[in-house]
$ cat model_21.tsv   # TSV, C-alpha atoms
chain	number	residue	atom	x	y	z
T	1	MET	CA	84.58	-56.86	24.04
T	2	PHE	CA	82.11	-59.07	22.21
T	3	ASP	CA	82.24	-61.62	25.01
T	4	ALA	CA	81.33	-58.91	27.48
T	5	LEU	CA	78.42	-57.92	25.26
T	6	ARG	CA	77.24	-61.50	24.96
T	7	LYS	CA	77.34	-61.86	28.70
T	8	LEU	CA	75.41	-58.65	29.02
T	9	PHE	CA	72.70	-59.94	26.72
T	10	GLY	CA	72.56	-63.30	28.39
T	11	SER	CA	73.32	-65.52	25.43
T	12	GLU	CA	76.29	-66.98	27.29
T	13	LYS	CA	74.37	-69.67	29.15
T	14	GLU	CA	71.07	-71.42	28.62
T	15	SER	CA	68.19	-69.17	29.64
T	16	SER	CA	65.59	-70.50	32.08
T	17	LYS	CA	63.08	-70.49	29.25
T	18	GLN	CA	65.32	-72.76	27.18
T	19	ILE	CA	65.72	-75.06	30.16
T	20	ALA	CA	61.93	-75.13	30.59
T	21	ALA	CA	61.39	-75.95	26.92
T	22	ARG	CA	64.02	-78.70	26.99
T	23	ARG	CA	62.64	-80.29	30.16
T	24	LEU	CA	59.11	-80.13	28.81
T	25	GLN	CA	60.04	-81.73	25.47
T	26	LEU	CA	61.62	-84.61	27.33
T	27	VAL	CA	58.86	-85.21	29.86
T	28	LEU	CA	56.14	-84.95	27.21
T	29	VAL	CA	57.75	-87.57	25.00
T	30	HIS	CA	57.48	-89.98	27.92
T	31	ASP	CA	53.99	-88.80	28.91
T	32	ARG	CA	52.72	-89.27	25.37
T	33	ALA	CA	54.21	-92.71	25.00
T	34	SER	CA	53.20	-93.65	28.57
T	35	VAL	CA	56.58	-95.28	29.08
T	36	SER	CA	57.97	-95.37	32.60
T	37	PRO	CA	61.70	-95.06	33.35
T	38	GLU	CA	61.64	-98.66	34.58
T	39	ILE	CA	60.36	-99.92	31.25
T	40	MET	CA	62.99	-97.83	29.45
T	41	ASP	CA	65.70	-99.43	31.62
T	42	LYS	CA	64.40	-102.90	30.89
T	43	LEU	CA	64.21	-102.14	27.18
T	44	ARG	CA	67.77	-100.80	27.23
T	45	GLU	CA	69.10	-103.94	28.94
T	46	GLU	CA	67.34	-106.26	26.52
T	47	ILE	CA	68.55	-104.33	23.49
T	48	ILE	CA	72.11	-104.51	24.83
T	49	GLY	CA	71.64	-108.22	25.42
T	50	VAL	CA	70.58	-108.89	21.83
T	51	ILE	CA	73.24	-106.72	20.21
T	52	SER	CA	75.98	-108.13	22.46
T	53	LYS	CA	75.42	-111.53	20.89
T	54	TYR	CA	76.77	-110.18	17.63
T	55	MET	CA	78.96	-107.19	18.50
T	56	ASP	CA	81.06	-105.78	21.29
T	57	ILE	CA	79.53	-102.45	22.16
T	58	ASN	CA	80.75	-99.47	24.09
T	59	ARG	CA	78.25	-99.17	26.92
T	60	GLU	CA	79.71	-95.96	28.24
T	61	ASN	CA	78.88	-93.89	25.20
T	62	MET	CA	75.64	-95.51	24.16
T	63	ASP	CA	72.33	-93.71	24.30
T	64	ILE	CA	68.87	-95.20	23.93
T	65	SER	CA	66.02	-92.79	24.44
T	66	LEU	CA	62.66	-91.62	23.21
T	67	ALA	CA	62.54	-88.51	21.08
T	68	ASN	CA	60.02	-86.59	19.05
T	69	GLY	CA	59.36	-88.23	15.71
T	70	ASP	CA	58.99	-86.50	12.37
T	71	ASN	CA	55.25	-86.02	12.62
T	72	ASP	CA	53.42	-84.02	15.25
T	73	ASN	CA	53.02	-85.99	18.44
T	74	SER	CA	54.81	-89.03	17.08
T	75	VAL	CA	57.49	-90.71	19.12
T	76	ALA	CA	60.73	-92.29	17.93
T	77	LEU	CA	63.03	-94.67	19.76
T	78	VAL	CA	66.50	-93.36	19.03
T	79	ALA	CA	69.46	-95.59	19.74
T	80	ASN	CA	73.08	-94.59	19.31
T	81	ILE	CA	75.24	-97.60	20.13
T	82	PRO	CA	78.97	-97.39	19.38
T	83	VAL	CA	80.37	-100.74	18.22
T	84	SER	CA	83.92	-101.58	19.30
T	85	ARG	CA	84.27	-104.87	17.46
T	86	MET	CA	82.27	-107.40	15.51
T	87	LYS	CA	82.01	-110.89	16.85
T	88	HIS	CA	82.65	-113.40	14.06
T	89	GLY	CA	81.81	-117.06	14.19
T	90	LYS	CA	81.51	-119.03	17.36
S	1	MET	CA	13.09	-65.87	23.17
S	2	SER	CA	12.34	-67.76	20.00
S	3	GLU	CA	13.39	-66.43	16.63
S	4	ASN	CA	14.94	-68.12	13.61
S	5	LYS	CA	16.22	-71.59	14.33
S	6	LYS	CA	19.86	-71.44	15.29
S	7	HIS	CA	22.49	-74.11	15.41
S	8	ALA	CA	24.91	-73.36	18.20
S	9	GLU	CA	28.54	-74.30	18.13
S	10	ILE	CA	29.30	-75.97	21.45
S	11	VAL	CA	32.74	-75.09	22.77
S	12	VAL	CA	34.27	-76.56	25.91
S	13	ILE	CA	36.91	-74.50	27.69
S	14	THR	CA	39.36	-76.69	29.55
S	15	SER	CA	42.91	-76.77	30.89
S	16	GLY	CA	43.69	-79.73	33.10
S	17	LYS	CA	45.51	-77.64	35.64
S	18	GLY	CA	43.50	-75.33	37.87
S	19	GLY	CA	44.16	-71.64	38.20
S	20	VAL	CA	45.26	-70.94	34.64
S	21	GLY	CA	42.19	-68.85	33.83
S	22	LYS	CA	39.56	-71.18	32.39
S	23	THR	CA	36.66	-69.37	33.99
S	24	THR	CA	38.08	-65.93	33.21
S	25	THR	CA	38.53	-67.02	29.61
S	26	THR	CA	34.98	-68.37	29.44
S	27	ALA	CA	33.54	-65.13	30.84
S	28	ASN	CA	35.53	-62.94	28.47
S	29	ILE	CA	34.85	-64.94	25.32
S	30	GLY	CA	31.19	-65.14	26.29
S	31	VAL	CA	30.90	-61.39	26.75
S	32	GLY	CA	32.99	-60.80	23.62
S	33	LEU	CA	30.72	-62.95	21.46
S	34	ALA	CA	27.66	-61.23	22.95
S	35	MET	CA	29.22	-57.85	22.13
S	36	ARG	CA	29.36	-59.08	18.54
S	37	ASP	CA	25.59	-59.72	18.66
S	38	MET	CA	25.85	-63.47	19.07
S	39	LYS	CA	23.35	-65.18	21.30
S	40	VAL	CA	25.45	-66.98	23.87
S	41	ALA	CA	24.87	-69.41	26.73
S	42	LEU	CA	27.58	-70.12	29.27
S	43	ILE	CA	27.29	-73.39	31.17
S	44	ASP	CA	29.31	-73.71	34.35
S	45	THR	CA	30.04	-77.39	34.97
S	46	ASP	CA	32.50	-76.96	37.82
S	47	THR	CA	30.09	-78.57	40.28
S	48	GLY	CA	30.55	-77.55	43.89
S	49	LEU	CA	32.93	-74.72	42.96
S	50	ARG	CA	30.66	-72.14	41.40
S	51	ASN	CA	32.53	-69.08	40.13
S	52	LEU	CA	31.47	-68.07	36.65
S	53	ASP	CA	28.50	-66.21	38.19
S	54	LEU	CA	30.91	-64.08	40.24
S	55	LEU	CA	33.06	-63.16	37.27
S	56	LEU	CA	29.96	-62.02	35.41
S	57	GLY	CA	28.48	-60.17	38.37
S	58	LEU	CA	25.42	-62.43	38.42
S	59	GLU	CA	25.90	-64.11	41.79
S	60	ASN	CA	22.78	-62.54	43.31
S	61	ARG	CA	20.44	-63.51	40.51
S	62	ILE	CA	20.67	-67.28	40.61
S	63	MET	CA	17.42	-69.12	41.22
S	64	TYR	CA	18.07	-72.58	39.79
S	65	ASP	CA	21.16	-74.43	38.70
S	66	LEU	CA	22.43	-77.05	36.25
S	67	VAL	CA	21.45	-79.96	38.51
S	68	ASP	CA	17.89	-78.63	38.78
S	69	VAL	CA	17.77	-78.73	34.98
S	70	THR	CA	19.44	-82.10	34.36
S	71	GLU	CA	17.29	-83.71	37.06
S	72	GLY	CA	14.19	-82.32	35.41
S	73	ARG	CA	12.97	-80.01	38.20
S	74	VAL	CA	12.89	-76.96	35.91
S	75	PRO	CA	13.23	-76.40	32.15
S	76	TYR	CA	16.61	-74.90	31.23
S	77	LYS	CA	15.06	-71.59	30.19
S	78	LYS	CA	13.92	-71.04	33.73
S	79	ALA	CA	17.42	-71.58	35.09
S	80	LEU	CA	19.18	-69.27	32.61
S	81	VAL	CA	20.34	-66.00	34.16
S	82	PRO	CA	20.42	-63.13	31.65
S	83	HIS	CA	23.41	-60.79	31.84
S	84	LYS	CA	22.64	-57.31	33.15
S	85	LYS	CA	24.17	-55.45	30.24
S	86	PHE	CA	24.23	-57.91	27.36
S	87	ARG	CA	20.72	-59.26	27.02
S	88	ASN	CA	21.78	-61.93	24.53
S	89	LEU	CA	24.21	-63.48	27.04
S	90	PHE	CA	22.94	-66.10	29.49
S	91	LEU	CA	24.48	-68.08	32.30
S	92	LEU	CA	23.45	-71.54	33.37
S	93	PRO	CA	25.09	-71.70	36.79
S	94	THR	CA	26.51	-74.82	38.34
S	95	SER	CA	25.27	-76.35	41.53
S	96	GLN	CA	26.96	-75.71	44.85
S	97	VAL	CA	26.36	-79.27	46.02
S	98	LYS	CA	29.44	-81.38	46.41
S	99	ASP	CA	28.35	-84.52	44.64
S	100	LYS	CA	30.42	-84.34	41.46
S	101	SER	CA	28.65	-87.16	39.71
S	102	SER	CA	25.32	-85.35	39.89
S	103	VAL	CA	25.58	-84.38	36.22
S	104	ASN	CA	26.58	-87.15	33.85
S	105	PRO	CA	27.82	-86.93	30.23
S	106	ASP	CA	24.52	-88.11	28.76
S	107	ALA	CA	22.50	-85.54	30.68
S	108	LEU	CA	24.72	-82.68	29.57
S	109	MET	CA	24.73	-83.87	25.96
S	110	LYS	CA	20.96	-84.04	25.98
S	111	LEU	CA	20.76	-80.53	27.42
S	112	CYS	CA	23.20	-79.14	24.83
S	113	ASP	CA	21.19	-80.69	22.02
S	114	GLU	CA	18.05	-79.14	23.43
S	115	MET	CA	19.68	-75.70	23.72
S	116	ARG	CA	21.43	-75.80	20.37
S	117	SER	CA	18.58	-74.38	18.34
S	118	GLU	CA	18.27	-71.30	20.58
S	119	PHE	CA	21.87	-70.06	20.58
S	120	ASP	CA	24.79	-69.19	18.32
S	121	TYR	CA	27.38	-70.32	20.83
S	122	ILE	CA	27.26	-72.48	23.93
S	123	LEU	CA	30.44	-72.27	26.03
S	124	ILE	CA	31.05	-74.93	28.64
S	125	ASP	CA	33.35	-74.04	31.52
S	126	CYS	CA	35.08	-77.29	32.46
S	127	PRO	CA	36.34	-78.22	35.93
S	128	ALA	CA	40.06	-78.79	36.49
S	129	GLY	CA	41.36	-82.34	36.37
S	130	ILE	CA	40.69	-85.25	34.02
S	131	GLU	CA	38.10	-87.12	36.05
S	132	GLN	CA	34.36	-87.50	35.66
S	133	GLY	CA	33.67	-83.76	35.62
S	134	PHE	CA	36.01	-83.30	32.68
S	135	GLN	CA	34.47	-86.21	30.80
S	136	THR	CA	31.01	-84.75	31.37
S	137	ALA	CA	32.03	-81.26	30.24
S	138	ILE	CA	33.57	-82.42	26.96
S	139	ALA	CA	30.88	-84.95	26.07
S	140	GLY	CA	28.64	-82.69	24.04
S	141	ALA	CA	31.28	-80.32	22.66
S	142	ASP	CA	31.95	-79.73	18.97
S	143	CYS	CA	35.32	-78.20	19.70
S	144	ALA	CA	37.61	-77.43	22.60
S	145	ILE	CA	39.67	-74.48	23.71
S	146	VAL	CA	42.59	-75.48	25.90
S	147	VAL	CA	43.81	-72.71	28.19
S	148	THR	CA	47.35	-72.87	29.44
S	149	MET	CA	49.96	-70.51	30.81
S	150	PRO	CA	53.71	-70.23	30.35
S	151	GLU	CA	54.66	-72.53	33.17
S	152	ILE	CA	55.94	-76.08	32.72
S	153	SER	CA	53.28	-77.74	34.86
S	154	ALA	CA	50.45	-75.96	33.02
S	155	VAL	CA	51.90	-76.87	29.61
S	156	ARG	CA	52.38	-80.48	30.63
S	157	ASP	CA	48.78	-80.68	31.85
S	158	ALA	CA	47.58	-79.04	28.64
S	159	ASP	CA	49.37	-81.76	26.68
S	160	LYS	CA	47.65	-84.39	28.80
S	161	ILE	CA	44.27	-82.76	28.17
S	162	ILE	CA	44.94	-82.63	24.43
S	163	GLY	CA	45.65	-86.36	24.56
S	164	GLU	CA	42.43	-87.01	26.50
S	165	LEU	CA	40.41	-84.92	24.03
S	166	GLY	CA	41.93	-86.93	21.19
S	167	ARG	CA	40.91	-90.17	22.87
S	168	ALA	CA	37.35	-88.82	23.10
S	169	ASP	CA	37.47	-88.06	19.34
S	170	LYS	CA	37.46	-84.31	19.91
S	171	ASP	CA	39.90	-83.30	17.20
S	172	ASN	CA	39.01	-79.63	16.83
S	173	ILE	CA	41.23	-78.17	19.54
S	174	LYS	CA	42.49	-74.61	19.87
S	175	LEU	CA	44.97	-73.18	22.33
S	176	ILE	CA	45.01	-69.98	24.37
S	177	VAL	CA	48.15	-68.99	26.26
S	178	ASN	CA	47.10	-66.93	29.24
S	179	ARG	CA	49.01	-64.77	31.71
S	180	ILE	CA	52.08	-64.07	29.64
S	181	ARG	CA	54.52	-61.65	31.25
S	182	PRO	CA	56.16	-59.90	28.31
S	183	GLN	CA	59.06	-58.60	30.33
S	184	MET	CA	60.03	-62.07	31.50
S	185	VAL	CA	59.69	-63.39	27.96
S	186	GLU	CA	61.96	-60.58	26.86
S	187	GLN	CA	64.60	-61.64	29.38
S	188	GLY	CA	64.44	-65.25	28.23
S	189	ASP	CA	62.85	-66.31	31.49
S	190	MET	CA	59.40	-67.29	30.29
S	191	LEU	CA	58.10	-69.49	27.51
S	192	ASP	CA	56.24	-67.46	24.90
S	193	MET	CA	53.34	-68.42	22.66
S	194	LYS	CA	55.62	-69.74	19.94
S	195	ASP	CA	57.58	-71.96	22.33
S	196	ILE	CA	54.37	-73.44	23.71
S	197	ASN	CA	52.92	-73.84	20.26
S	198	ASP	CA	56.04	-75.71	19.12
S	199	ILE	CA	55.76	-78.04	22.09
S	200	LEU	CA	52.02	-78.74	21.94
S	201	SER	CA	51.61	-78.37	18.17
S	202	ILE	CA	47.99	-77.24	18.10
S	203	THR	CA	46.60	-74.05	16.61
S	204	CYS	CA	46.88	-71.08	18.91
S	205	ILE	CA	44.03	-68.56	18.82
S	206	GLY	CA	45.29	-66.17	21.44
S	207	GLN	CA	47.92	-64.94	23.81
S	208	VAL	CA	46.74	-62.96	26.80
S	209	PRO	CA	49.15	-60.87	28.86
S	210	ASP	CA	49.13	-60.96	32.64
S	211	ASP	CA	47.29	-57.71	33.20
S	212	GLU	CA	46.33	-56.08	36.51
S	213	LYS	CA	43.14	-54.95	34.81
S	214	VAL	CA	41.99	-58.57	34.86
S	215	VAL	CA	42.05	-58.44	38.65
S	216	THR	CA	40.33	-55.07	38.97
S	217	SER	CA	37.65	-55.96	36.45
S	218	THR	CA	37.07	-59.31	38.16
S	219	ASN	CA	36.64	-57.43	41.43
S	220	ARG	CA	33.79	-55.55	39.80
S	221	GLY	CA	32.22	-58.55	38.13
S	222	GLU	CA	32.86	-57.12	34.67
S	223	PRO	CA	35.09	-59.22	32.43
S	224	VAL	CA	38.13	-57.26	31.25
S	225	ILE	CA	36.96	-57.38	27.63
S	226	MET	CA	34.38	-54.74	28.65
S	227	THR	CA	37.10	-52.23	29.50
S	228	GLU	CA	38.30	-50.13	26.63
S	229	ASP	CA	41.95	-49.58	27.33
S	230	SER	CA	43.44	-52.84	28.60
S	231	LEU	CA	45.93	-55.06	26.83
S	232	ALA	CA	44.23	-58.22	28.11
S	233	GLY	CA	40.86	-56.89	26.94
S	234	ARG	CA	42.26	-56.31	23.47
S	235	ALA	CA	43.75	-59.80	23.46
S	236	TYR	CA	40.34	-61.29	24.29
S	237	LYS	CA	38.68	-59.19	21.57
S	238	ASN	CA	41.15	-60.63	19.08
S	239	ILE	CA	40.39	-64.15	20.29
S	240	VAL	CA	36.67	-63.54	19.76
S	241	ARG	CA	37.34	-62.28	16.23
S	242	ARG	CA	39.37	-65.41	15.48
S	243	ILE	CA	36.57	-67.61	16.83
S	244	LEU	CA	34.22	-65.79	14.45
S	245	GLY	CA	36.54	-66.74	11.62
S	246	GLU	CA	38.38	-63.46	11.10
S	247	ASP	CA	42.06	-63.48	10.31
S	248	VAL	CA	43.64	-61.33	13.00
S	249	GLU	CA	47.35	-60.79	13.47
S	250	PHE	CA	48.79	-61.56	16.89
S	251	MET	CA	49.50	-58.37	18.75
S	252	ASP	CA	52.96	-57.52	19.97
S	253	LEU	CA	52.93	-57.71	23.75
S	254	HIS	CA	56.40	-56.24	24.07
S	255	LYS	CA	57.17	-52.62	24.39
S	256	ASP	CA	59.89	-51.51	22.01
S	257	THR	CA	62.52	-51.07	24.68
S	258	PHE	CA	66.04	-49.77	24.26
S	259	LEU	CA	67.48	-53.20	25.06
S	260	ARG	CA	65.27	-54.73	22.41
S	261	ARG	CA	66.47	-52.31	19.76
S	262	ILE	CA	70.10	-53.08	20.60
S	263	LYS	CA	69.44	-56.81	20.52
S	264	ARG	CA	67.83	-56.40	17.13
S	265	ALA	CA	70.78	-54.37	15.89
S	266	PHE	CA	73.06	-57.26	16.88
S	267	GLY	CA	70.76	-59.74	15.21
S	268	MET	CA	69.96	-61.40	18.52
S	269	ASN	CA	66.26	-61.03	18.42
$ encode --input "model_21.tsv" --output "C-alpha cells"
Amino acid sequence: MFDALRKLFGSEKESSKQIAARRLQLVLVHDRASVSPEIMDKLREEIIGVISKYMDINRENMDISLANGDNDNSVALVANIPVSRMKHGK
Amino acid sequence: MSENKKHAEIVVITSGKGGVGKTTTTANIGVGLAMRDMKVALIDTDTGLRNLDLLLGLENRIMYDLVDVTEGRVPYKKALVPHKKFRNLFLLPTSQVKDKSSVNPDALMKLCDEMRSEFDYILIDCPAGIEQGFQTAIAGADCAIVVTMPEISAVRDADKIIGELGRADKDNIKLIVNRIRPQMVEQGDMLDMKDINDILSITCIGQVPDDEKVVTSTNRGEPVIMTEDSLAGRAYKNIVRRILGEDVEFMDLHKDTFLRRIKRAFGMN
C-alpha cells in the first residue's frame, strides 16, 4: 500500500529536477576549476603511479574526482583509494 | 532636469545565456523604480540588437543612440528618450549598427560617471555572451543582477558570468530566477529558486513565474509590472522593493492544490 503511494507521489525514482541539480553540481565543479577530463585522467594516472610504489591498490573501486569544498565556490580533490596490501621493503 | 545632486547606483543586468529575460527584467525594474519616484536611466548596450525600446513602447521616439553619445556627436541628455507615462524614466537606446566594438569600456564608464549626478539608478542592459560587449557593459557598474532561468544551460552560464564578474572585481552580485513554472516545480520536474540558489550560492532577490501576461504586456510595449493583477508583475514589484532595501518575503508561486495538501500530510513536502 505504501509502496503504491510512494510510486504515486513519484518519490520512487530520481526526479528530473534532482537529475538536473546533480548534473549541474558536477559540471560546475569542473567549470569553476577549469579542469578538463584529460587533465583529470592524467592526474589520476600519476596519483596511482605514486601510491603504487608504496601500496597495492584496488583500481576497480577507486575514485578520484573533484567535489564542492566546504566554502562557497571552493573545490576539493576527493580521492577514495582502497588499499589491498602494503608493500614493505624492497 | 537639474535638481539636487544625486549619486546614482549603477546596476548591470546580465545573464550569459540569451533569451532568459535580461531585457524584460531591465524594463520592469526600470519602470518599477520609476513608479517608486526614483529617477532612472536605462542604457541599452546590446549593440546591433536594439530591443529595450520596444519593450518600453518607445521605438518611434528614438532620435540618437548610445554611439552618437560616446562618439561625442550629441550630449547624452539629447539622446535620452523620456517614457510616455513615467516622466522620471529615461532610455538611452543602443545603436542598430553592427560594429560591436563601437562602444568601449572606458567610454561607457565615462558616460556613467557623467550621468551619475542626475539619476538615482542607472540600469545597464547587457548583451548575451562574455565577449567585448559584456566587458563594456559591466565596466562602470557598482553591482550586478544576474538573470537566469530554471534550465541547466542557463544556470551553468549564470555560474560562468558570476565567475567573470568576480574576475572583474564586481563582488556585489544578486540573482533573479525568471520564468519559473510552478506546476513543473511541484511535480519535481523543474529546479526552483532554492535549488538554483544552493548551486550558485549568491543572494537571490527574486523569482518570477512564467506568466502569459508578460507576453501580452510586451505586445503592448508596457512592462508587466504596470499591470495590476499579474503574478509576474507582483514578483517584479517585490524585486524593486528589495532593491530599495526593503525586507520582502518571497511569494508562494504554488497554488495550494489537493495533491500538495496530501503530500504535506505525508510529510513529503
$ axis_aligned_box --input "model_21.tsv" --around "range 149-162 of chain S" --padding-each-side "6 Å" --output "JSON"
{"center_x": 50.1, "center_y": -77.3, "center_z": 29.6, "size_x": 23.7, "size_y": 26.2, "size_z": 22.4}
$ residues_around --input "model_21.tsv" --residues "range 134-150 of chain S" --least-positions-apart "4" --cutoff "8 Å" --atoms "all atoms listed in the file" --output "PyMOL selection string"
chain S and resi 9-15+20-22+25+45+103-106+108-109+112-113+124-130+154-155+158+161-162+165+170-180+190-193+196
$ closest_atom_pairs --input "model_21.tsv" --of "chain S" --to "chain T" --cutoff "7 Å" --atoms "only C-alpha atoms" --output "JSON lines"
{"residue": "S:Ile152", "atom": "CA", "partner": "T:Ala20", "partner_atom": "CA", "distance": 6.4}
{"residue": "S:Arg156", "atom": "CA", "partner": "T:Leu28", "partner_atom": "CA", "distance": 6.8}
{"residue": "S:Gly188", "atom": "CA", "partner": "T:Lys17", "partner_atom": "CA", "distance": 5.5}
{"residue": "S:Asp189", "atom": "CA", "partner": "T:Lys17", "partner_atom": "CA", "distance": 4.7}
{"residue": "S:Met190", "atom": "CA", "partner": "T:Lys17", "partner_atom": "CA", "distance": 5.0}
{"residue": "S:Leu191", "atom": "CA", "partner": "T:Lys17", "partner_atom": "CA", "distance": 5.4}
{"residue": "S:Ile199", "atom": "CA", "partner": "T:Gln25", "partner_atom": "CA", "distance": 6.6}
{"residue": "S:Ser201", "atom": "CA", "partner": "T:Asp72", "partner_atom": "CA", "distance": 6.6}
$ residues_around --input "model_21.tsv" --residues "Glu59 in chain S" --least-positions-apart "6" --cutoff "10 Å" --atoms "all atoms listed in the file" --output "number ranges by chain"
S: 50-53, 81, 93, 221
$ residues_around --input "model_21.tsv" --residues "range 43-52 of chain T" --least-positions-apart "3" --cutoff "10 Å" --atoms "only C-alpha atoms" --output "PyMOL selection string"
chain T and resi 37-40+55-57+59+62-65+79+81+83+86-87
$ atom_distance --input "model_21.tsv" --atom1 "CA of Leu123 in chain S" --atom2 "CA of Thr227 in chain S"
21.4 Å
$ atom_distance --input "model_21.tsv" --atom1 "CA of Leu91 in chain S" --atom2 "CA of Leu58 in chain S"
8.4 Å
$ atom_distance --input "model_21.tsv" --atom1 "CA of Asp159 in chain S" --atom2 "CA of Val214 in chain S"
25.7 Å
$ closest_residue --input "model_21.tsv" --among "S:Ile62, S:Ala168, S:Val67, S:Leu55" --to "Ser217 in chain S" --atoms "all atoms listed in the file"
S:Leu55
